[in-house]
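Visitor: Below you'll find the structure I mean.
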Amino acid sequence: MNDEESREGTLRCVDCGTQNCKFKTRTYPPFCATTHLDEEDWQWALERYEEARNHEIMVASAEVEFEGYCQLTRVEEIMKFARKINARKIGIAHCIGLVREARIFARILKANGFEPCTIICKVGGKAKSAIGIPKECEQIGAAMCNPILQARLLNRAKTDLNVAVGLCVGHDSLFYKYSDAYVTTLITKDRVTGHNPAAALYTAESYYRRKLNLTDK
């Protein structure tokens, strides 16, 4: 590794073989973000965690992980987390292609004492070209996805927690940005892998090696 690669400010945690930030029993690599951490950044983060709602979220998250580790499904974890932060009204922002999954999730929430509020991605029924999306994109569906409006409508419903169910890459980013409530994700859409995007990583050095451009050069 040269000086350029190990310089301060380079974020390369995937190249670390020690994870010393977790165990604190081994040496740190020269490019470690922890050893190059600016105290001001650390203090800034700590101050944010001291904010009442952020602190509540962090404690609840840790408790859910501890109490349900390798035992609870993500559906169960979301409900357990919601109870811990006193979230009763749960928004579901879902893809039209996963309406069945969203419907089942809403039924589960209702059966467990929550109030689900669901809003589909195509709400508004506007053509993609209406906002300047290339007309050719309408070949796989004329109606635009509307993540900003999804967020606005759930904000208006005053949901306590929002759950993303299969929103497209990028559309989810806009939904997260405009949601007033905290957001967690139940399903990450990946039509090719049956909504299991990690499958591409698990096969990146075998079946998907060429597809993901990891061939030896």
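Please note that chains go A, B, ... in the order of the structure tokens, that every chain numbers its residues from 1, and that ligands are numbered from 1 in the order shown.
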Need the shell around Ser173 in chain A: protein/DNA/RNA residues with any atom at most 10 Å away, counting only C-alpha atoms. Skip same-chain ones fewer than 5 positions apart. Format as a list in words?
Guide: Pro147, Ile148, Leu167, Cys168 and Tyr178 of chain A
Visitor: Please identify the alpha helix (DSSP H) residues within range 39-208 of chain A (assignment by DSSP from backbone atoms) and present them as a CSV table (one decimal) with C-alpha atoms, in the first residue's frame.
Guide:
```csv
chain,number,residue,atom,x,y,z
A,39,GLU,CA,-12.5,14.7,17.4
A,40,GLU,CA,-14.9,17.4,16.2
A,41,ASP,CA,-16.7,14.8,14.0
A,42,TRP,CA,-16.9,12.3,16.9
A,43,GLN,CA,-18.3,15.0,19.2
A,44,TRP,CA,-20.8,16.1,16.5
A,45,ALA,CA,-22.2,12.6,16.3
A,46,LEU,CA,-22.4,12.2,20.1
A,47,GLU,CA,-24.4,15.4,20.3
A,48,ARG,CA,-26.8,14.1,17.8
A,49,TYR,CA,-27.3,10.9,19.7
A,50,GLU,CA,-28.0,13.0,22.8
A,52,ALA,CA,-34.1,12.9,22.7
A,53,ARG,CA,-35.7,11.1,19.7
A,54,ASN,CA,-32.4,10.0,18.3
A,55,HIS,CA,-31.4,8.6,21.6
A,56,GLU,CA,-34.7,6.7,21.9
A,57,ILE,CA,-34.2,5.3,18.4
A,58,MET,CA,-30.6,4.1,19.1
A,59,VAL,CA,-31.6,2.5,22.4
A,60,ALA,CA,-34.6,0.8,20.8
A,61,SER,CA,-32.5,-0.4,17.9
A,62,ALA,CA,-29.9,-2.0,20.2
A,63,GLU,CA,-32.6,-3.6,22.3
A,64,VAL,CA,-34.3,-5.1,19.3
A,65,GLU,CA,-31.0,-6.5,18.0
A,66,PHE,CA,-30.2,-8.0,21.4
A,67,GLU,CA,-33.6,-9.4,22.2
A,68,GLY,CA,-34.3,-10.9,18.8
A,74,ARG,CA,-37.5,-8.5,10.0
A,75,VAL,CA,-41.3,-8.2,10.1
A,76,GLU,CA,-41.2,-9.0,13.8
A,77,GLU,CA,-38.3,-6.7,14.4
A,78,ILE,CA,-40.1,-3.8,12.8
A,79,MET,CA,-43.1,-4.3,15.0
A,80,LYS,CA,-41.0,-4.7,18.1
A,81,PHE,CA,-39.0,-1.6,17.2
A,82,ALA,CA,-42.3,0.3,16.6
A,83,ARG,CA,-43.6,-0.6,20.0
A,84,LYS,CA,-40.4,0.5,21.7
A,99,VAL,CA,-48.8,-4.6,-3.6
A,100,ARG,CA,-49.4,-8.2,-2.5
A,101,GLU,CA,-46.5,-8.1,-0.1
A,102,ALA,CA,-47.6,-4.7,1.2
A,103,ARG,CA,-51.1,-5.9,1.7
A,104,ILE,CA,-49.9,-8.9,3.7
A,105,PHE,CA,-47.7,-6.7,5.8
A,106,ALA,CA,-50.6,-4.3,6.5
A,107,ARG,CA,-52.7,-7.2,7.6
A,108,ILE,CA,-50.0,-8.3,10.0
A,109,LEU,CA,-49.6,-4.8,11.4
A,110,LYS,CA,-53.4,-4.5,11.9
A,111,ALA,CA,-53.6,-7.9,13.6
A,147,PRO,CA,-41.9,8.9,-4.0
A,148,ILE,CA,-42.0,12.6,-3.0
A,149,LEU,CA,-45.8,12.6,-3.0
A,150,GLN,CA,-45.8,9.2,-1.2
A,151,ALA,CA,-43.8,10.9,1.6
A,152,ARG,CA,-46.0,14.0,1.6
A,153,LEU,CA,-49.2,12.0,2.0
A,154,LEU,CA,-47.8,9.9,4.8
A,155,ASN,CA,-46.5,13.1,6.4
A,156,ARG,CA,-50.0,14.5,6.2
A,171,HIS,CA,-37.0,6.6,-5.7
A,172,ASP,CA,-36.3,5.2,-2.2
A,173,SER,CA,-33.7,8.0,-1.8
A,174,LEU,CA,-36.3,10.7,-2.5
A,175,PHE,CA,-38.8,9.1,-0.2
A,176,TYR,CA,-36.3,8.9,2.7
A,177,LYS,CA,-35.4,12.6,2.1
A,178,TYR,CA,-38.9,13.9,2.2
A,198,ALA,CA,-27.3,-9.8,-1.5
A,199,ALA,CA,-27.5,-12.8,-3.8
A,200,ALA,CA,-25.5,-10.8,-6.4
A,201,LEU,CA,-22.7,-10.3,-3.9
A,202,TYR,CA,-22.7,-14.0,-2.8
```
Visitor: If you count only C-alpha atoms, which residues fall within 7 Å of Thr184 in chain A, apart from same-chain ones fewer than 2 positions away, as a CSV table (one decimal) with all heavy atoms, in the first residue's frame?
Guide:
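Output file part-v8.csv is given in full below:
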```
chain,number,residue,atom,x,y,z
A,162,ASN,N,-42.4,5.1,9.1
A,162,ASN,CA,-42.6,4.7,7.7
A,162,ASN,C,-41.8,3.5,7.3
A,162,ASN,O,-40.6,3.4,7.8
A,162,ASN,CB,-42.4,5.8,6.8
A,162,ASN,CG,-43.5,6.9,6.9
A,162,ASN,OD1,-44.6,6.6,7.3
A,162,ASN,ND2,-43.1,8.1,6.5
A,163,VAL,N,-42.4,2.6,6.5
A,163,VAL,CA,-41.7,1.4,6.1
A,163,VAL,C,-41.7,1.4,4.5
A,163,VAL,O,-42.7,1.5,3.9
A,163,VAL,CB,-42.3,0.1,6.6
A,163,VAL,CG1,-41.6,-1.1,6.1
A,163,VAL,CG2,-42.4,0.2,8.1
A,164,ALA,N,-40.5,1.3,3.9
A,164,ALA,CA,-40.4,1.2,2.5
A,164,ALA,C,-40.5,-0.3,2.1
A,164,ALA,O,-39.8,-1.2,2.6
A,164,ALA,CB,-39.0,1.8,2.0
A,182,TYR,N,-39.3,8.8,10.8
A,182,TYR,CA,-38.1,7.9,10.5
A,182,TYR,C,-38.6,6.8,9.6
A,182,TYR,O,-39.8,6.4,9.6
A,182,TYR,CB,-37.6,7.3,11.8
A,182,TYR,CG,-36.9,8.2,12.7
A,182,TYR,CD1,-37.5,9.0,13.7
A,182,TYR,CD2,-35.5,8.4,12.6
A,182,TYR,CE1,-36.8,9.9,14.4
A,182,TYR,CE2,-34.8,9.3,13.4
A,182,TYR,CZ,-35.4,10.0,14.3
A,182,TYR,OH,-34.8,10.9,15.1
A,186,LEU,N,-38.4,-2.7,4.7
A,186,LEU,CA,-38.8,-4.1,4.8
A,186,LEU,C,-38.3,-5.0,3.6
A,186,LEU,O,-37.7,-6.0,3.8
A,186,LEU,CB,-40.3,-4.3,5.0
A,186,LEU,CG,-40.8,-5.7,5.0
A,186,LEU,CD1,-40.2,-6.5,6.1
A,186,LEU,CD2,-42.4,-5.7,5.1
```
Visitor: Rounded to one decimal, what separation in Å do you get between CA of Ala157 in chain A and CA of Gly113 in chain A?
Guide: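 Atom-to-atom, CA of Ala157 in chain A and CA of Gly113 in chain A are spaced 17.6 Å apart.
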Visitor: Restricting the calculation to only C-alpha atoms: of A:Val123, A:Ala142, A:Cys32, A:Leu72, which residue gets closest to Ile96 in chain A?
Guide: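 Counting only C-alpha atoms, the residue closest to Ile96 in chain A is A:Val123.
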Visitor: Any idea what's packed within 8 Å of Met144 in chain A, counting only C-alpha atoms, ignoring anything in its chain fewer than 2 positions away? Could you give it as a CSV table (one decimal) with C-alpha atoms, in the first residue's frame?
Guide:
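Below you can see result17.csv, which holds the result:
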```
chain,number,residue,atom,x,y,z
A,122,LYS,CA,-47.9,5.3,-8.8
A,125,GLY,CA,-51.3,8.6,-12.1
A,126,LYS,CA,-49.1,11.0,-14.1
A,127,ALA,CA,-47.1,10.0,-17.2
A,128,LYS,CA,-43.3,9.8,-16.8
A,141,GLY,CA,-44.8,1.5,-17.8
A,142,ALA,CA,-46.3,4.8,-18.7
A,146,ASN,CA,-44.1,9.4,-7.1
```
Visitor: If I take CA of Gln71 in chain A and CA of Val165 in chain A, how far is one from the other in Å, to one decimal?
Guide: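 Those two atoms sit 21.8 Å apart.
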Visitor: Step one, run DSSP on the backbone; step two, keep only residues of range 25-212 of chain A assigned to strand (DSSP E or B); then write them as a PyMOL selection string.
Guide: chain A and resi 89-94+115-120+127+143+161-165+183-187
